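First the structure, in the form of structure tokens, and then the observations on it.
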Amino acid sequence: MLIRADATRDIGTGHVMRCLALACSWKKQGGEIAWVTHCDTKKILERIKQNSSKVYELSRYSSSEETIDIIGEESPDCIVLDGYQFDTEYQKGISECGIKLLVIDDYAHLDKYYADIILNQNFGADRFKYNALPQTKFLLGTDYAMLRSEFFNYRGYKKEIKNKAENILVTMGGADAENHTSKMLDALNLVDVSLCIKVPIGANNPHLNSVKAIADKSKHNIEIIYDSQDMPAFMQWADVAISAGGTTTWELLFMGVPSVLCITTDNQEDIVNSLNRKGMVLSLGWIMQNNYLDIVSILQKLIANKSLREELNNRCQTIVDGMGTERVIEALWQ
């Protein structure tokens with residue numbers, strides 16, 4: 001498998017993280033991985049290298065021709081593209097190599113798709129209309145949500161909903177370029193009950209020092225964790241999670257964590273709104289449109305209401321079973 005996905009402070013780490021999940025399952029079944037990437041963070045690049053036989057590092061402005069040359073050198077069985085920068089012309093050029101092409105997409109934003117398989121792992125993905133090739137196969141919905149290998153041991157896990165919610169997980173994405181984490185911590189400082197808060201900070205996050213400064217001044221017990229690879233343990237610990245509506249969403253649903261999601265980018269809007277309408281999460285909407293009192297109000301509602309947390313838990317844990325990567329690989333082999 002040849003994977004083409006990038007991770008930068010601008011685009012975040014979600015594309016790489018879900019491809020790492022796919023890569024781990026591919027390797028587990030005896031396959032090899034070649035990775036083509038522009039990655040501006042050493043820690044993320046190290047993780048890619050740990051899960052790949054070969055890694056080709058590209059500049060930010062690399063062309064499809066560079067990837068096509070690598071495809072000629074590697075002769076892979078299949079190619080994976082994950083990133084909004086891989087437009088119609090880029091896909092067309094890759095598809096003309098004559099190798100099975102999987103395109104991972106989130107919101108059908110292109111006029112035309114050139115792929116053998118289109119994967120959209122998001123809730124409600126079957127509502128999108130893709131203009132694709134006649135032979136294109138579609139893998140749509142949370143049956144195909146690709147969870148990292150750290151979560152495999154939690155298949156069948158059932159979360160206990162405690163009477164008192166005091167453990168809060170704050171996870172605003174691997175990069176969080178706009179420093180939404182700090183806004184959430186400031187808001188939590190207005191909550192009138194004592195809380196224990198864990199804040200995983202990704203390797204691509206440039207705001208570590210400012211987040212630590214806010215944590216040090218908080219009335220709550222706040223632990224900052226840098227570049228951890230044990231998110232399942234944090235989700236098992238948490239009574240409530242506050243998260244951006246990115247790839248972490250599916251991990252939270254899988255673990256049954258009652259969650260408050262916010263929208264930080266356009267591609268998250270449909271996901272968060274759909275899950276909120278179905279009563280699987282609570283939504284803060286667009287984070288930049290919320291003031292601290294809005295955030296505190298919805299958090300205190302969830303913290304104080306065990307029945308609501310039970311309802312969210314019961315609903316959300318029904319739609320992600322942790323078998324998504326295996327289903328995607330099975331489709332690639334067909």
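As shown in the structure tokens, the chain order sets the letters A, B, ...; within each chain, residues go from 1, and ligands are also counted from 1 in the order they appear.
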
Write out as a VMD selection string each polymer residue whose atoms come within 10 Å of Arg60 (chain A), counting only C-alpha atoms; drop sequence neighbours fewer than 4 positions from it.
-> chain A and resid 6 8 37 to 40

Restrict the selected residues to C-alpha atoms and save them as a PDB file, in the first residue's frame.
ATOM      1  CA  ASP A   6       0.226  15.144   4.933  1.00  0.00           C
ATOM      2  CA  THR A   8       1.059  20.269   9.088  1.00  0.00           C
ATOM      3  CA  THR A  37       4.167  12.910   2.801  1.00  0.00           C
ATOM      4  CA  HIS A  38       4.841  16.514   3.601  1.00  0.00           C
ATOM      5  CA  CYS A  39       5.060  16.570   7.388  1.00  0.00           C
ATOM      6  CA  ASP A  40       6.407  19.542   9.328  1.00  0.00           C
TER       7      ASP A  40
END

Using only C-alpha atoms, which residues sit within 10 Å of Trp26 (chain A) once same-chain residues fewer than 6 positions away are excluded, as JSON, numbers by chain?
-> {"A": [1, 20, 32, 33, 325, 326, 328, 329]}

Distance query Gly322 (chain A) at most 9 Å, only C-alpha atoms, self and fewer than 6 positions along chain excluded, as a ChimeraX atom specification | /A:143-148,151-152,154-156,251,254

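Shell of region 169-186 of chain A at 7 Å, with only C-alpha atoms counted and residues fewer than 6 places along the chain excluded, is Arg9, Asp10, Gly12, Thr13, Ile197, Lys198, Val199, Pro200, Ile201, Gly202, Ala203, Asn204, Asn205, Pro206, His207, Val211, Ile214, Ala238, Val240, Ala241, Ile242, Ser243 and Ala244 of chain A.
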
Go ahead and save the residues from that selection, with C-alpha atoms, as a CSV table (one decimal), in the first residue's frame.
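Generated output (selection.csv):
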chain,number,residue,atom,x,y,z
A,9,ARG,CA,0.0,22.9,11.6
A,10,ASP,CA,-2.3,24.3,8.9
A,12,GLY,CA,-3.8,19.3,11.2
A,13,THR,CA,-3.0,15.6,11.8
A,197,ILE,CA,-9.2,17.9,33.6
A,198,LYS,CA,-6.8,16.0,31.3
A,199,VAL,CA,-5.6,17.9,28.1
A,200,PRO,CA,-3.7,15.8,25.5
A,201,ILE,CA,-1.7,18.2,23.4
A,202,GLY,CA,-0.6,17.0,19.9
A,203,ALA,CA,2.9,17.2,18.6
A,204,ASN,CA,1.7,19.7,15.9
A,205,ASN,CA,0.3,22.1,18.5
A,206,PRO,CA,2.3,25.4,18.7
A,207,HIS,CA,0.5,26.6,21.9
A,211,VAL,CA,-2.0,26.2,27.5
A,214,ILE,CA,-3.6,28.8,31.8
A,238,ALA,CA,-13.2,10.7,31.3
A,240,VAL,CA,-17.3,13.9,29.8
A,241,ALA,CA,-15.3,15.0,26.8
A,242,ILE,CA,-15.0,18.3,25.0
A,243,SER,CA,-13.7,17.9,21.5
A,244,ALA,CA,-13.4,19.4,18.1

Between A:Leu308, A:Leu253, A:Cys78, A:Ile295, which has the minimum distance to Ala165 (chain A) (counting only C-alpha atoms)?
-> A:Leu308

Using only C-alpha atoms, which of the listed residues (A:Gly98, A:Met17, A:Phe138, A:Lys54) sits closest to Tyr113 (chain A)?
->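 Between A:Gly98, A:Met17, A:Phe138, A:Lys54, the residue approaching Tyr113 (chain A) most closely is A:Phe138.
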
Between A:Gly256, A:Gly14, A:Pro76, A:Pro134, single out the one closest to Asp105 (chain A), counting only C-alpha atoms.
-> A:Gly14

Compile the contact shell of Thr142 (chain A) as a ChimeraX atom specification: residues with an atom at most 12 Å away, counting only C-alpha atoms, same-chain residues fewer than 5 positions apart removed.
-> /A:106,119-126,147,247,249-251,253-254,271,275,316-325,327-328

Using only C-alpha atoms, which residues sit within 10 Å of Ser75 (chain A) once same-chain residues fewer than 3 positions away are excluded, as a list in words?
->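 Result of the neighbour search: Met1, Leu2, Ile70, Ile71, Gly72, Cys78, Ile79, Cys97 and Ile99 of chain A.
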
Selected residues, N, CA, C and O atoms, written as a PDB file, in the first residue's frame, please.
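This went into selection-v3.pdb:
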ATOM      1  N   MET A   1       0.842  -1.187   0.000  1.00  0.00           N
ATOM      2  CA  MET A   1       0.000   0.000   0.000  1.00  0.00           C
ATOM      3  C   MET A   1       0.883   1.245   0.000  1.00  0.00           C
ATOM      4  O   MET A   1       1.817   1.351   0.796  1.00  0.00           O
ATOM      5  N   LEU A   2       0.586   2.160  -0.919  1.00  0.00           N
ATOM      6  CA  LEU A   2       1.250   3.456  -0.915  1.00  0.00           C
ATOM      7  C   LEU A   2       0.252   4.499  -0.432  1.00  0.00           C
ATOM      8  O   LEU A   2      -0.833   4.633  -0.992  1.00  0.00           O
ATOM      9  N   ILE A  70       7.142   8.108  -7.857  1.00  0.00           N
ATOM     10  CA  ILE A  70       7.317   7.172  -6.741  1.00  0.00           C
ATOM     11  C   ILE A  70       6.471   5.931  -6.944  1.00  0.00           C
ATOM     12  O   ILE A  70       6.907   4.806  -6.654  1.00  0.00           O
ATOM     13  N   ILE A  71       5.257   6.109  -7.460  1.00  0.00           N
ATOM     14  CA  ILE A  71       4.401   4.960  -7.761  1.00  0.00           C
ATOM     15  C   ILE A  71       5.094   4.039  -8.757  1.00  0.00           C
ATOM     16  O   ILE A  71       5.079   2.804  -8.610  1.00  0.00           O
ATOM     17  N   GLY A  72       5.732   4.628  -9.781  1.00  0.00           N
ATOM     18  CA  GLY A  72       6.462   3.823 -10.753  1.00  0.00           C
ATOM     19  C   GLY A  72       7.601   3.047 -10.130  1.00  0.00           C
ATOM     20  O   GLY A  72       7.884   1.902 -10.505  1.00  0.00           O
ATOM     21  N   CYS A  78      -2.012  -1.011  -4.170  1.00  0.00           N
ATOM     22  CA  CYS A  78      -3.066  -0.015  -4.060  1.00  0.00           C
ATOM     23  C   CYS A  78      -2.475   1.303  -3.568  1.00  0.00           C
ATOM     24  O   CYS A  78      -1.397   1.324  -2.964  1.00  0.00           O
ATOM     25  N   ILE A  79      -3.209   2.377  -3.830  1.00  0.00           N
ATOM     26  CA  ILE A  79      -2.784   3.725  -3.466  1.00  0.00           C
ATOM     27  C   ILE A  79      -3.901   4.360  -2.657  1.00  0.00           C
ATOM     28  O   ILE A  79      -5.088   4.221  -2.991  1.00  0.00           O
ATOM     29  N   CYS A  97      -2.303   5.687 -13.488  1.00  0.00           N
ATOM     30  CA  CYS A  97      -1.208   4.736 -13.260  1.00  0.00           C
ATOM     31  C   CYS A  97      -1.700   3.292 -13.335  1.00  0.00           C
ATOM     32  O   CYS A  97      -0.894   2.358 -13.400  1.00  0.00           O
ATOM     33  N   ILE A  99      -3.398   1.519 -11.051  1.00  0.00           N
ATOM     34  CA  ILE A  99      -3.347   0.797  -9.774  1.00  0.00           C
ATOM     35  C   ILE A  99      -4.565   1.194  -8.949  1.00  0.00           C
ATOM     36  O   ILE A  99      -4.998   2.346  -8.989  1.00  0.00           O
TER      37      ILE A  99
END

Using only C-alpha atoms, which residue out of A:Asp216, A:Asp116, A:Glu73, A:Glu269 lies closest to Trp333 (chain A)?
->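 Nearest candidate to Trp333 (chain A) out of A:Asp216, A:Asp116, A:Glu73, A:Glu269: A:Asp116.
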
Counting only C-alpha atoms, what is within 8 Å of Glu311 (chain A), bar same-chain residues fewer than 4 positions away, as a PyMOL selection string?
-> chain A and resi 279-280+307+315

So which bits of region 38-225 of chain A end up strand (DSSP E or B) when you DSSP the backbone, as a ChimeraX atom specification?
-> /A:39,54-57,78-82,100-104,117-120,137-140,167-171,196-201,221-225

Give me the residues of region 24-104 of chain A that have any atom at most 12 Å from an atom of region 226-236 of chain A; for each, the nearest atom pair and the distance in Å, rounded to one decimal. Use only C-alpha atoms, sort by chain and number, and format it as CSV.
residue,atom,partner,partner_atom,distance
A:Thr41,CA,A:Asp227,CA,11.4
A:Lys42,CA,A:Asp227,CA,11.4
A:Lys43,CA,A:Asp227,CA,8.0
A:Ile44,CA,A:Asp227,CA,9.1
A:Glu46,CA,A:Asp227,CA,11.9
A:Arg47,CA,A:Gln229,CA,10.0
